[in-house]
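Trainee: Sharing query06.txt here; it has compact mmCIF, C-alpha atoms and all ligand atoms.
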```txt
# COMPACT_ATOMS: atom_id res chain seq x y z
CA MET C 887 2.21 -26.76 13.25
CA LYS C 888 2.19 -22.97 13.42
CA LYS C 889 2.25 -21.17 10.09
CA ILE C 890 3.11 -17.54 9.59
CA ALA C 891 1.44 -15.50 6.87
CA ARG C 892 3.71 -13.16 4.93
CA ALA C 893 2.44 -10.36 2.69
CA HIS C 894 4.50 -7.80 0.82
CA THR C 895 3.58 -4.13 0.53
CA ASN C 896 2.35 -2.70 -2.73
CA ILE C 897 2.69 0.78 -4.20
CA ALA C 898 -0.17 2.07 -6.31
CA LEU C 899 0.74 3.47 -9.72
CA ILE C 900 -2.93 4.43 -10.13
CA LYS C 901 -4.12 5.45 -6.67
CA TYR C 902 -7.04 4.51 -4.45
CA TRP C 903 -7.97 7.68 -2.58
CA GLY C 904 -11.66 7.74 -1.65
CA LYS C 905 -14.46 5.44 -0.55
CA GLN C 906 -18.06 4.95 -1.66
CA ASN C 907 -18.70 2.76 1.41
CA ALA C 908 -16.42 3.35 4.39
CA ALA C 909 -17.56 0.36 6.49
CA LEU C 910 -16.98 -2.12 3.66
CA ARG C 911 -14.06 -0.17 2.15
CA ILE C 912 -15.62 -0.04 -1.32
CA PRO C 913 -13.56 2.54 -3.22
CA LEU C 914 -14.70 5.34 -5.51
CA MET C 915 -12.09 4.40 -8.11
CA SER C 916 -10.24 1.35 -9.36
CA SER C 917 -6.49 1.21 -8.70
CA LEU C 918 -3.37 -0.57 -9.97
CA SER C 919 -0.25 -1.47 -8.03
CA MET C 920 3.17 -3.02 -8.01
CA THR C 921 3.88 -5.45 -5.15
CA LEU C 922 7.39 -4.92 -3.74
CA ASP C 923 10.03 -7.44 -2.73
CA ALA C 924 11.80 -5.22 -0.18
CA PHE C 925 8.99 -4.56 2.34
CA TYR C 926 6.69 -7.06 4.04
CA THR C 927 4.73 -8.06 7.14
CA ASP C 928 4.73 -11.43 8.94
CA THR C 929 1.71 -12.29 11.11
CA TYR C 930 0.25 -15.21 13.04
CA LEU C 931 -2.72 -15.69 15.36
CA GLU C 932 -2.93 -17.61 18.62
CA PRO C 933 -5.82 -18.55 20.88
CA SER C 934 -5.59 -16.59 24.13
CA GLN C 935 -7.46 -15.61 27.29
CA GLN C 936 -7.23 -11.93 26.48
CA GLU C 937 -7.07 -10.26 23.09
CA GLN C 938 -3.59 -8.86 22.63
CA PHE C 939 -1.84 -7.29 19.68
CA TYR C 940 1.95 -7.48 19.51
CA LEU C 941 3.65 -5.45 16.78
CA ASN C 942 7.43 -5.74 16.40
CA GLY C 943 7.58 -7.50 19.78
CA LYS C 944 5.73 -4.74 21.66
CA LEU C 945 2.25 -4.95 23.16
CA ILE C 946 0.13 -2.31 21.42
CA GLU C 947 -2.92 -0.75 23.07
CA GLY C 948 -5.26 2.01 21.90
CA PRO C 949 -6.62 2.77 18.42
CA GLU C 950 -4.16 0.55 16.49
CA ALA C 951 -5.14 -2.49 18.58
CA GLN C 952 -8.80 -1.51 18.29
CA ARG C 953 -8.52 -1.46 14.50
CA VAL C 954 -7.03 -4.96 14.50
CA PHE C 955 -9.67 -6.45 16.83
CA ASN C 956 -12.61 -4.71 15.13
CA TYR C 957 -11.33 -6.28 11.95
CA LEU C 958 -10.92 -9.76 13.43
CA HIS C 959 -14.43 -9.57 14.95
CA LEU C 960 -15.83 -8.59 11.57
CA LEU C 961 -14.13 -11.61 9.96
CA GLN C 962 -15.31 -13.89 12.79
CA ARG C 963 -18.95 -12.77 12.27
CA ARG C 964 -18.61 -13.26 8.54
CA TYR C 965 -17.22 -16.79 8.77
CA GLY C 966 -19.21 -17.87 11.86
CA LYS C 967 -16.15 -18.17 14.13
CA SER C 968 -15.56 -17.16 17.73
CA GLY C 969 -12.92 -17.12 20.48
CA ASN C 970 -10.32 -14.67 21.72
CA LEU C 971 -7.24 -14.28 19.58
CA SER C 972 -3.85 -12.72 20.05
CA VAL C 973 -2.07 -11.23 17.07
CA HIS C 974 1.71 -11.33 16.62
CA SER C 975 3.03 -9.24 13.78
CA GLN C 976 6.38 -8.00 12.52
CA ASN C 977 6.64 -5.16 10.04
CA HIS C 978 9.64 -5.15 7.75
CA VAL C 979 8.47 -1.72 6.63
CA PRO C 980 8.12 1.55 8.58
CA THR C 981 4.66 1.67 10.19
CA ALA C 982 2.17 4.38 9.12
CA ALA C 983 4.77 6.43 7.23
CA GLY C 984 3.22 6.37 3.76
CA LEU C 985 5.20 3.29 2.75
CA ALA C 986 2.04 1.16 2.63
CA SER C 987 2.34 -0.75 5.91
CA SER C 988 -1.43 -1.20 6.01
CA SER C 989 -1.33 -3.01 2.66
CA SER C 990 1.02 -5.75 3.85
CA ALA C 991 -0.42 -5.69 7.41
CA PHE C 992 -4.02 -6.46 6.54
CA ALA C 993 -3.19 -8.86 3.71
CA ALA C 994 -1.03 -10.81 6.18
CA LEU C 995 -3.73 -10.61 8.86
CA ALA C 996 -6.43 -11.84 6.46
CA ALA C 997 -4.18 -14.73 5.41
CA ALA C 998 -3.33 -15.51 9.05
CA PHE C 999 -7.06 -15.63 9.82
CA ALA C 1000 -7.74 -17.97 6.89
CA GLU C 1001 -4.84 -20.16 8.00
CA TYR C 1002 -5.86 -20.20 11.68
CA TYR C 1003 -9.43 -21.33 10.91
CA GLN C 1004 -8.37 -23.43 7.91
CA LEU C 1005 -10.86 -21.60 5.69
CA ALA C 1006 -11.15 -22.83 2.12
CA VAL C 1007 -10.89 -19.40 0.50
CA ASN C 1008 -9.54 -18.66 -2.96
CA GLU C 1009 -7.42 -15.59 -3.80
CA THR C 1010 -10.45 -13.54 -4.81
CA GLU C 1011 -12.09 -14.13 -1.45
CA LEU C 1012 -8.80 -13.49 0.35
CA SER C 1013 -8.57 -10.18 -1.49
CA ARG C 1014 -12.10 -9.26 -0.33
CA MET C 1015 -11.13 -10.20 3.23
CA ALA C 1016 -7.95 -8.10 3.09
CA ARG C 1017 -9.91 -5.16 1.60
CA LEU C 1018 -12.09 -5.03 4.71
CA GLY C 1019 -9.00 -4.28 6.84
CA SER C 1020 -7.35 -1.73 4.55
CA GLY C 1021 -8.33 -1.09 0.94
CA SER C 1022 -4.80 -1.24 -0.42
CA ALA C 1023 -4.35 -4.68 1.22
CA SER C 1024 -6.73 -6.18 -1.36
CA ARG C 1025 -3.88 -5.85 -3.90
CA SER C 1026 -1.12 -7.34 -1.70
CA VAL C 1027 -2.68 -10.79 -2.04
CA PHE C 1028 -1.00 -10.84 -5.46
CA GLY C 1029 2.58 -10.43 -6.63
CA GLY C 1030 3.73 -8.31 -9.58
CA PHE C 1031 1.04 -5.99 -10.93
CA ALA C 1032 -2.47 -6.15 -9.46
CA VAL C 1033 -5.67 -4.28 -10.26
CA TRP C 1034 -8.36 -3.61 -7.65
CA GLN C 1035 -11.62 -3.24 -9.51
CA LYS C 1036 -13.75 -0.89 -7.49
CA GLY C 1037 -17.02 -2.82 -7.87
CA THR C 1038 -20.28 -1.70 -6.29
CA ASP C 1039 -20.60 -3.98 -3.27
CA ASP C 1040 -18.69 -6.47 -1.14
CA GLN C 1041 -18.86 -9.27 -3.71
CA SER C 1042 -17.73 -7.24 -6.70
CA SER C 1043 -14.91 -5.26 -5.03
CA PHE C 1044 -11.66 -7.26 -5.10
CA ALA C 1045 -8.24 -7.26 -6.71
CA TYR C 1046 -6.92 -9.60 -9.38
CA SER C 1047 -3.51 -10.32 -10.81
CA LEU C 1048 -2.61 -8.42 -13.97
CA ASP C 1049 0.83 -10.03 -14.25
CA SER C 1050 2.26 -11.95 -11.30
CA ASN C 1051 5.84 -12.00 -12.58
CA PRO C 1052 6.33 -9.14 -15.04
CA ASP C 1053 9.13 -9.44 -17.55
CA LEU C 1054 9.86 -5.75 -17.23
CA ASP C 1055 12.84 -3.72 -16.01
CA LEU C 1056 11.08 -1.56 -13.42
CA GLN C 1057 13.03 -0.60 -10.30
CA LEU C 1058 11.55 1.28 -7.37
CA LEU C 1059 13.79 3.31 -5.09
CA ALA C 1060 12.11 4.11 -1.78
CA VAL C 1061 13.53 7.42 -0.59
CA GLU C 1062 13.00 7.53 3.16
CA ILE C 1063 12.73 11.13 4.27
CA ASN C 1064 10.80 10.66 7.50
CA THR C 1065 9.74 7.20 8.69
CA GLY C 1066 7.83 8.43 11.73
CA ALA C 1067 4.09 7.76 11.91
CA LYS C 1068 2.04 10.33 10.02
CA LYS C 1069 -0.45 12.53 11.86
CA ARG C 1070 -3.27 11.96 9.38
CA SER C 1071 -3.93 8.30 8.55
CA SER C 1072 -4.75 7.34 4.96
CA THR C 1073 -8.32 6.62 6.06
CA LYS C 1074 -8.69 10.22 7.33
CA GLY C 1075 -6.73 11.79 4.46
CA MET C 1076 -8.87 10.30 1.71
CA GLN C 1077 -12.02 11.37 3.52
CA ALA C 1078 -10.78 14.98 3.74
CA ALA C 1079 -9.67 14.94 0.07
CA GLN C 1080 -13.28 14.63 -1.09
CA THR C 1081 -13.89 18.30 -0.21
CA SER C 1082 -11.57 19.42 -3.02
CA PRO C 1083 -13.25 20.95 -6.11
CA PHE C 1084 -10.83 18.81 -8.13
CA PHE C 1085 -11.90 15.56 -6.49
CA ALA C 1086 -14.86 14.80 -8.81
CA PRO C 1087 -12.98 15.70 -12.03
CA TRP C 1088 -10.07 13.54 -10.86
CA ILE C 1089 -12.32 10.53 -10.29
CA LYS C 1090 -13.75 11.04 -13.78
CA ARG C 1091 -10.24 10.66 -15.23
CA ASN C 1092 -9.59 7.44 -13.31
CA SER C 1093 -10.85 4.92 -15.85
CA LEU C 1094 -8.91 6.61 -18.67
CA GLU C 1095 -5.67 6.68 -16.66
CA LEU C 1096 -6.17 3.08 -15.52
CA SER C 1097 -6.70 1.79 -19.06
CA GLN C 1098 -3.70 3.80 -20.30
CA MET C 1099 -1.59 2.27 -17.52
CA ILE C 1100 -2.77 -1.27 -18.32
CA ASN C 1101 -1.82 -0.67 -21.97
CA ALA C 1102 1.59 0.73 -21.01
CA ILE C 1103 2.23 -2.38 -18.88
CA LYS C 1104 1.12 -4.71 -21.68
CA ASN C 1105 3.45 -2.85 -24.07
CA HIS C 1106 6.35 -2.99 -21.55
CA ASP C 1107 6.56 0.77 -22.03
CA PHE C 1108 8.62 2.02 -19.07
CA THR C 1109 8.40 5.67 -20.12
CA ARG C 1110 4.61 5.63 -20.32
CA ILE C 1111 4.30 3.73 -17.01
CA GLY C 1112 6.49 6.34 -15.31
CA GLN C 1113 4.69 9.32 -16.86
CA LEU C 1114 1.25 7.99 -15.92
CA ALA C 1115 2.28 7.04 -12.37
CA GLU C 1116 3.77 10.49 -11.77
CA LEU C 1117 0.71 12.23 -13.20
CA ASN C 1118 -1.72 10.17 -11.13
CA ALA C 1119 0.22 10.70 -7.88
CA SER C 1120 0.52 14.44 -8.54
CA GLU C 1121 -3.24 14.61 -9.08
CA MET C 1122 -3.80 12.93 -5.72
CA HIS C 1123 -1.56 15.43 -3.93
CA ALA C 1124 -3.16 18.36 -5.82
CA VAL C 1125 -6.51 17.17 -4.52
CA ASN C 1126 -5.13 17.20 -0.95
CA LEU C 1127 -3.71 20.72 -1.33
CA THR C 1128 -7.04 21.99 -2.68
CA ALA C 1129 -9.25 20.28 -0.07
CA GLN C 1130 -11.30 22.55 2.20
CA PRO C 1131 -9.32 22.98 4.42
CA GLY C 1132 -6.25 22.07 2.42
CA PHE C 1133 -3.49 19.78 3.65
CA THR C 1134 -0.42 17.98 2.40
CA TYR C 1135 1.75 15.02 3.34
CA PHE C 1136 4.76 16.70 1.71
CA GLU C 1137 7.74 17.88 3.73
CA PRO C 1138 10.41 20.26 2.39
CA THR C 1139 12.63 17.34 1.33
CA THR C 1140 9.68 15.77 -0.55
CA ILE C 1141 9.60 18.88 -2.77
CA GLY C 1142 13.39 18.79 -3.01
CA VAL C 1143 13.28 15.23 -4.37
CA ILE C 1144 10.51 16.16 -6.85
CA GLN C 1145 12.68 19.04 -8.13
CA LEU C 1146 15.69 16.73 -8.42
CA VAL C 1147 13.58 14.28 -10.48
CA HIS C 1148 12.63 17.12 -12.86
CA GLU C 1149 16.27 18.14 -13.10
CA MET C 1150 17.51 14.58 -13.71
CA ARG C 1151 15.00 14.14 -16.54
CA GLN C 1152 16.15 17.41 -18.12
CA ASN C 1153 19.63 15.95 -18.03
CA GLY C 1154 18.56 12.75 -19.78
CA ILE C 1155 18.26 10.47 -16.72
CA GLU C 1156 14.85 8.86 -16.99
CA VAL C 1157 13.28 8.72 -13.55
CA TYR C 1158 9.72 9.34 -12.31
CA TYR C 1159 8.18 9.70 -8.87
CA THR C 1160 5.11 8.47 -7.07
CA ILE C 1161 4.16 9.48 -3.53
CA ASP C 1162 1.57 8.07 -1.14
CA ALA C 1163 0.05 9.39 2.07
CA GLY C 1164 3.35 10.41 3.64
CA PRO C 1165 6.48 12.46 2.94
CA ASN C 1166 8.53 9.58 1.48
CA VAL C 1167 9.06 9.40 -2.27
CA LYS C 1168 9.24 6.30 -4.48
CA LEU C 1169 11.27 6.68 -7.65
CA LEU C 1170 10.71 4.57 -10.74
CA CYS C 1171 13.66 3.93 -13.02
CA GLN C 1172 15.43 1.24 -15.01
CA LEU C 1173 18.32 -0.87 -13.74
CA LYS C 1174 20.90 1.04 -15.82
CA ASN C 1175 20.02 4.28 -13.96
CA VAL C 1176 19.79 3.00 -10.38
CA LYS C 1177 23.39 3.87 -9.53
CA ILE C 1178 23.38 7.42 -10.91
CA VAL C 1179 19.96 8.22 -9.41
CA LYS C 1180 21.13 7.07 -5.97
CA GLU C 1181 24.34 9.08 -6.28
CA LYS C 1182 22.42 12.25 -7.18
CA LEU C 1183 20.06 11.75 -4.25
CA VAL C 1184 22.79 11.09 -1.74
CA SER C 1185 24.80 14.11 -2.82
CA ALA C 1186 21.77 16.42 -2.72
CA PHE C 1187 20.31 15.13 0.57
CA ASP C 1188 22.79 13.64 3.00
CA HIS C 1189 20.15 12.46 5.50
CA VAL C 1190 17.96 10.31 3.23
CA LYS C 1191 18.02 6.52 3.19
CA ILE C 1192 17.34 4.77 -0.12
CA ILE C 1193 16.02 1.24 -0.42
CA ASN C 1194 16.06 -0.68 -3.71
CA ALA C 1195 12.94 -2.64 -4.59
CA SER C 1196 11.40 -4.40 -7.52
CA PHE C 1197 8.55 -6.87 -8.01
CA GLY C 1198 7.60 -8.99 -5.02
CA PRO C 1199 5.41 -12.08 -4.54
CA GLY C 1200 1.85 -12.56 -3.34
CA ILE C 1201 0.79 -14.13 -0.03
CA GLN C 1202 3.11 -16.78 1.38
CA TYR C 1203 2.78 -19.18 4.32
CA LEU C 1204 5.94 -20.10 6.26
CA ASP C 1205 6.34 -23.13 8.53
CA ASN C 1206 7.99 -23.23 11.93
CA TYR C 1207 9.45 -19.82 11.77
CA GLU C 1208 9.74 -17.33 14.62
CA LEU C 1209 9.18 -13.61 14.32
CA ASP C 1210 12.35 -11.60 14.99
P1 LIG C 1301 0.53 3.32 5.68
O1 LIG C 1301 0.97 4.43 4.77
O2 LIG C 1301 1.69 2.77 6.47
O3 LIG C 1301 -0.25 2.25 4.97
P2 LIG C 1301 -2.01 3.85 7.00
O4 LIG C 1301 -2.50 5.11 7.65
O5 LIG C 1301 -2.72 3.41 5.81
O6 LIG C 1301 -0.45 4.05 6.72
O7 LIG C 1301 -2.07 2.65 8.02
C1 LIG C 1301 -1.25 2.59 9.14
C2 LIG C 1301 -1.96 1.78 10.20
O8 LIG C 1301 -2.04 0.42 9.80
C3 LIG C 1301 -1.25 1.75 11.53
O9 LIG C 1301 -1.48 2.92 12.27
C4 LIG C 1301 -1.88 0.51 12.15
O10 LIG C 1301 -3.17 0.82 12.64
C5 LIG C 1301 -2.04 -0.40 10.94
N1 LIG C 1301 -0.94 -1.37 10.88
C6 LIG C 1301 0.32 -1.18 10.38
N2 LIG C 1301 1.06 -2.30 10.48
C7 LIG C 1301 0.28 -3.22 11.08
C8 LIG C 1301 0.47 -4.60 11.43
N3 LIG C 1301 1.61 -5.25 11.16
N4 LIG C 1301 -0.58 -5.26 11.98
C9 LIG C 1301 -1.76 -4.62 12.18
N5 LIG C 1301 -2.00 -3.33 11.88
C10 LIG C 1301 -1.00 -2.64 11.32
C1 LIG C 1302 -2.22 6.73 -0.99
O1 LIG C 1302 -5.46 1.37 1.92
O2 LIG C 1302 -4.12 2.74 3.55
O3 LIG C 1302 -1.51 4.52 -0.47
O4 LIG C 1302 -8.51 1.58 3.20
O5 LIG C 1302 -8.49 3.53 4.75
O6 LIG C 1302 -6.92 1.60 5.15
P1 LIG C 1302 -7.67 2.43 4.14
O7 LIG C 1302 -6.55 3.20 3.28
P2 LIG C 1302 -5.23 2.66 2.59
O8 LIG C 1302 -5.03 3.81 1.48
C2 LIG C 1302 -3.97 3.77 0.58
C3 LIG C 1302 -3.82 5.09 -0.07
C4 LIG C 1302 -2.61 5.24 -0.97
C5 LIG C 1302 -2.91 4.83 -2.40
C6 LIG C 1302 -3.05 3.36 -2.68
O9 LIG C 1302 -2.38 2.54 -2.04
O10 LIG C 1302 -3.81 3.03 -3.60
CO CO C 1303 -2.17 2.39 4.14
```
So, in terms of structure tokens, how does the structure I just supplied come out?
Ligand code: ADP
Ligand code: DP6
Ligand code: CO
Mentor:
Amino acid sequence: MKKIARAHTNIALIKYWGKQNAALRIPLMSSLSMTLDAFYTDTYLEPSQQEQFYLNGKLIEGPEAQRVFNYLHLLQRRYGKSGNLSVHSQNHVPTAAGLASSSSAFAALAAAFAEYYQLAVNETELSRMARLGSGSASRSVFGGFAVWQKGTDDQSSFAYSLDSNPDLDLQLLAVEINTGAKKRSSTKGMQAAQTSPFFAPWIKRNSLELSQMINAIKNHDFTRIGQLAELNASEMHAVNLTAQPGFTYFEPTTIGVIQLVHEMRQNGIEVYYTIDAGPNVKLLCQLKNVKIVKEKLVSAFDHVKIINASFGPGIQYLDNYELD
């Protein structure tokens, strides 16, 4: 019976943005994320004559297919498996837009691989497998809050669950400004960021910010979680702007939303932002403020789409289900 692997995206509140080992995707810093309920990827593998990658019902060729097959070959070598595979995947998230499609994509692909070969792997090993496809995917193995400890080698670099079902009122509003594929992938962006004079000092702050975030989560302190997430994301984007040469994922509306967040806070509406490698903004607020925050956004920017999200689950396997 065919099983489909489903993984949800995750948004980092303490970011991963640099590698110590690019081939093995060992990061320079530990990171912490929230897995989302609203965005996910479904994937299954099939034996086939030719290797083919179907994404959202379309045959994909070129670098995106190459990335998928390089990854599958790496896993096959690692687990002593062989044979041509076709990949069928459906993204319920915009692809390559800074909304973390690679996190759900490679967690789902790792799980689909484990399912296809009936590998007896635990969640730690599944997280290592997912990490090899995209670093952020290591955290999508888990629901709720997850921490990816950077480690020093393949064995020691994996994510673990901090709280799989947090009893915390934390809502994430994904503000979609531009869902087109970005020009600079996350892989390329984090490589370029290392030329910033602020990169090394930022990495030095990582363990402090991570432990402060873990404490804020343990204390159910929404305000502190929001403040730390916004600070950490702003540091990441400051590093991009100060790279040599500098770059940014921001678009004019990204700045507009940041200014609106500042304004809302001045007016007593508690909302914070985090932004990944793309122009889209994720807002953090509590349930009581969702309505007003959405109203303010819609009246300031008539062309944005807003999607409500909160905590999502870890890897799931679904029986007898067809991709849309
Ligand atoms: P994002 O912000 O969406 O995570 P990245 O630059 O990190 O952007 O990764 C985007 C890349 O991830 C795509 O260009 C593609 O190579 C890969 N990807 C996205 N979705 C899938 C999928 N469902 N299956 C396989 N690979 C995928
Ligand atoms: C800004 O995991 O997409 O979203 O490992 O090169 O595939 P690769 O990068 P990826 O980077 C994610 C960067 C980020 C922050 C984060 O998710 O921690
Ligand atoms: Co990504």
Trainee: Within 7 Å of ligand CO 1303 (chain C), which residues show up when you count all atoms listed in the file? List them as a PyMOL selection string, please.
Mentor: chain C and resi 982+984+986-989+1020+1022+1072
Trainee: Just checking: using all atoms listed in the file, which residue out of C:Asn1101, C:Gln962, C:Asn942, C:Thr1073 ends up closest to ligand LIG 1302 (chain C)?
Mentor: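 Among C:Asn1101, C:Gln962, C:Asn942, C:Thr1073, it is C:Thr1073 that comes nearest to ligand LIG 1302 (chain C).
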Trainee: Taking all atoms listed in the file into account, which residues are within 9 Å of ligand LIG 1301 (chain C), as an mmCIF file with C-alpha atoms, keeping the file's coordinate frame?
Mentor:
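Final output, part-v2.cif:
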```
data_model
loop_
_atom_site.group_PDB
_atom_site.id
_atom_site.type_symbol
_atom_site.label_atom_id
_atom_site.label_comp_id
_atom_site.auth_asym_id
_atom_site.auth_seq_id
_atom_site.Cartn_x
_atom_site.Cartn_y
_atom_site.Cartn_z
ATOM 1 C CA THR C 895 3.580 -4.130 0.530
ATOM 2 C CA TYR C 926 6.690 -7.060 4.040
ATOM 3 C CA THR C 927 4.730 -8.060 7.140
ATOM 4 C CA ASP C 928 4.730 -11.430 8.940
ATOM 5 C CA THR C 929 1.710 -12.290 11.110
ATOM 6 C CA PHE C 939 -1.840 -7.290 19.680
ATOM 7 C CA TYR C 940 1.950 -7.480 19.510
ATOM 8 C CA LEU C 941 3.650 -5.450 16.780
ATOM 9 C CA ASN C 942 7.430 -5.740 16.400
ATOM 10 C CA PRO C 949 -6.620 2.770 18.420
ATOM 11 C CA GLU C 950 -4.160 0.550 16.490
ATOM 12 C CA ALA C 951 -5.140 -2.490 18.580
ATOM 13 C CA GLN C 952 -8.800 -1.510 18.290
ATOM 14 C CA ARG C 953 -8.520 -1.460 14.500
ATOM 15 C CA VAL C 954 -7.030 -4.960 14.500
ATOM 16 C CA VAL C 973 -2.070 -11.230 17.070
ATOM 17 C CA HIS C 974 1.710 -11.330 16.620
ATOM 18 C CA SER C 975 3.030 -9.240 13.780
ATOM 19 C CA GLN C 976 6.380 -8.000 12.520
ATOM 20 C CA ASN C 977 6.640 -5.160 10.040
ATOM 21 C CA HIS C 978 9.640 -5.150 7.750
ATOM 22 C CA VAL C 979 8.470 -1.720 6.630
ATOM 23 C CA PRO C 980 8.120 1.550 8.580
ATOM 24 C CA THR C 981 4.660 1.670 10.190
ATOM 25 C CA ALA C 982 2.170 4.380 9.120
ATOM 26 C CA ALA C 983 4.770 6.430 7.230
ATOM 27 C CA GLY C 984 3.220 6.370 3.760
ATOM 28 C CA LEU C 985 5.200 3.290 2.750
ATOM 29 C CA ALA C 986 2.040 1.160 2.630
ATOM 30 C CA SER C 987 2.340 -0.750 5.910
ATOM 31 C CA SER C 988 -1.430 -1.200 6.010
ATOM 32 C CA SER C 989 -1.330 -3.010 2.660
ATOM 33 C CA SER C 990 1.020 -5.750 3.850
ATOM 34 C CA ALA C 991 -0.420 -5.690 7.410
ATOM 35 C CA PHE C 992 -4.020 -6.460 6.540
ATOM 36 C CA ALA C 994 -1.030 -10.810 6.180
ATOM 37 C CA LEU C 995 -3.730 -10.610 8.860
ATOM 38 C CA GLY C 1019 -9.000 -4.280 6.840
ATOM 39 C CA SER C 1020 -7.350 -1.730 4.550
ATOM 40 C CA GLY C 1021 -8.330 -1.090 0.940
ATOM 41 C CA SER C 1022 -4.800 -1.240 -0.420
ATOM 42 C CA ALA C 1023 -4.350 -4.680 1.220
ATOM 43 C CA ALA C 1067 4.090 7.760 11.910
ATOM 44 C CA LYS C 1068 2.040 10.330 10.020
ATOM 45 C CA LYS C 1069 -0.450 12.530 11.860
ATOM 46 C CA ARG C 1070 -3.270 11.960 9.380
ATOM 47 C CA SER C 1071 -3.930 8.300 8.550
ATOM 48 C CA SER C 1072 -4.750 7.340 4.960
ATOM 49 C CA THR C 1073 -8.320 6.620 6.060
ATOM 50 C CA LYS C 1074 -8.690 10.220 7.330
ATOM 51 C CA GLY C 1075 -6.730 11.790 4.460
ATOM 52 C CA ASP C 1162 1.570 8.070 -1.140
ATOM 53 C CA ALA C 1163 0.050 9.390 2.070
ATOM 54 C CA GLY C 1164 3.350 10.410 3.640
#
```
Trainee: Under the rule that all atoms listed in the file are counted, which of C:Tyr1135, C:Tyr902, C:Tyr1158, C:Phe1085 is the nearest residue to C:Ser917?
Mentor: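 Checking each of C:Tyr1135, C:Tyr902, C:Tyr1158, C:Phe1085 against C:Ser917, counting all atoms listed in the file, the winner is C:Tyr902.
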Trainee: Would you list the contacts of stretch 1195-1201 of chain C as a list in words, taking every protein, DNA or RNA residue within 7 Å and counting all atoms listed in the file, but skipping same-chain residues closer than 4 positions in sequence?
Mentor: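 Final neighbour list, sorted by chain and number: Arg892, Ala893, His894, Met920, Thr921, Leu922, Asp923, Ala924, Ser1026, Val1027, Phe1028, Gly1029, Gly1030, Leu1056, Gln1057, Leu1058 and Leu1059 of chain C.
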Trainee: Which residue is closest to C:Asn1166? Choose from C:Gln1152, C:Thr1140, C:Asn1008, C:Gln936 and count only C-alpha atoms.
Mentor: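 The answer is C:Thr1140, which sits nearest to C:Asn1166.
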Trainee: Measuring atom to atom with all atoms listed in the file, identify which of C:Arg964, C:Lys1168, C:Lys1090, C:Lys944 is nearest to ligand LIG 1302 (chain C).
Mentor: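 Among C:Arg964, C:Lys1168, C:Lys1090, C:Lys944, it is C:Lys1168 that comes nearest to ligand LIG 1302 (chain C).
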Trainee: Which residue gives the smallest distance to C:Phe1187 among C:Glu937, C:Asp1055, C:Glu1062, C:Glu947, with all atoms listed in the file counted?
Mentor: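 Using all atoms listed in the file, the shortest distance to C:Phe1187 belongs to C:Glu1062.
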Trainee: For a quick check of understanding, using all atoms listed in the file, which of C:Phe955, C:Trp1034, C:Phe925, C:Tyr1203 has the smallest distance to C:Leu899?
Mentor: C:Trp1034
Trainee: For a quick check of your reading of the model, name the residues lying within 12 Å of the coordinate (9.4, 5.4, -21.8), counting only C-alpha atoms, and write them as a PyMOL selection string.
Mentor: chain C and resi 1055-1056+1102-1103+1105-1115+1151+1154-1158+1170-1172
Trainee: By how many Å are atom CA of C:Glu1011 and atom CA of C:Gln1041 apart?
Mentor: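 Pair atom CA of C:Glu1011 / atom CA of C:Gln1041 returns 8.6 Å.
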Trainee: For the atom pair atom CA of C:Gly943 and atom C5 of ligand LIG 1302 (chain C), what is the interatomic distance in Å to one decimal place?
Mentor: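 Atom-to-atom, atom CA of C:Gly943 and atom C5 of ligand LIG 1302 (chain C) are spaced 27.5 Å apart.
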Trainee: How far is it from atom CA of C:Leu1096 to atom CA of C:Arg1017, in Å with one decimal?
Mentor: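 Distance between the two atoms: 19.4 Å.
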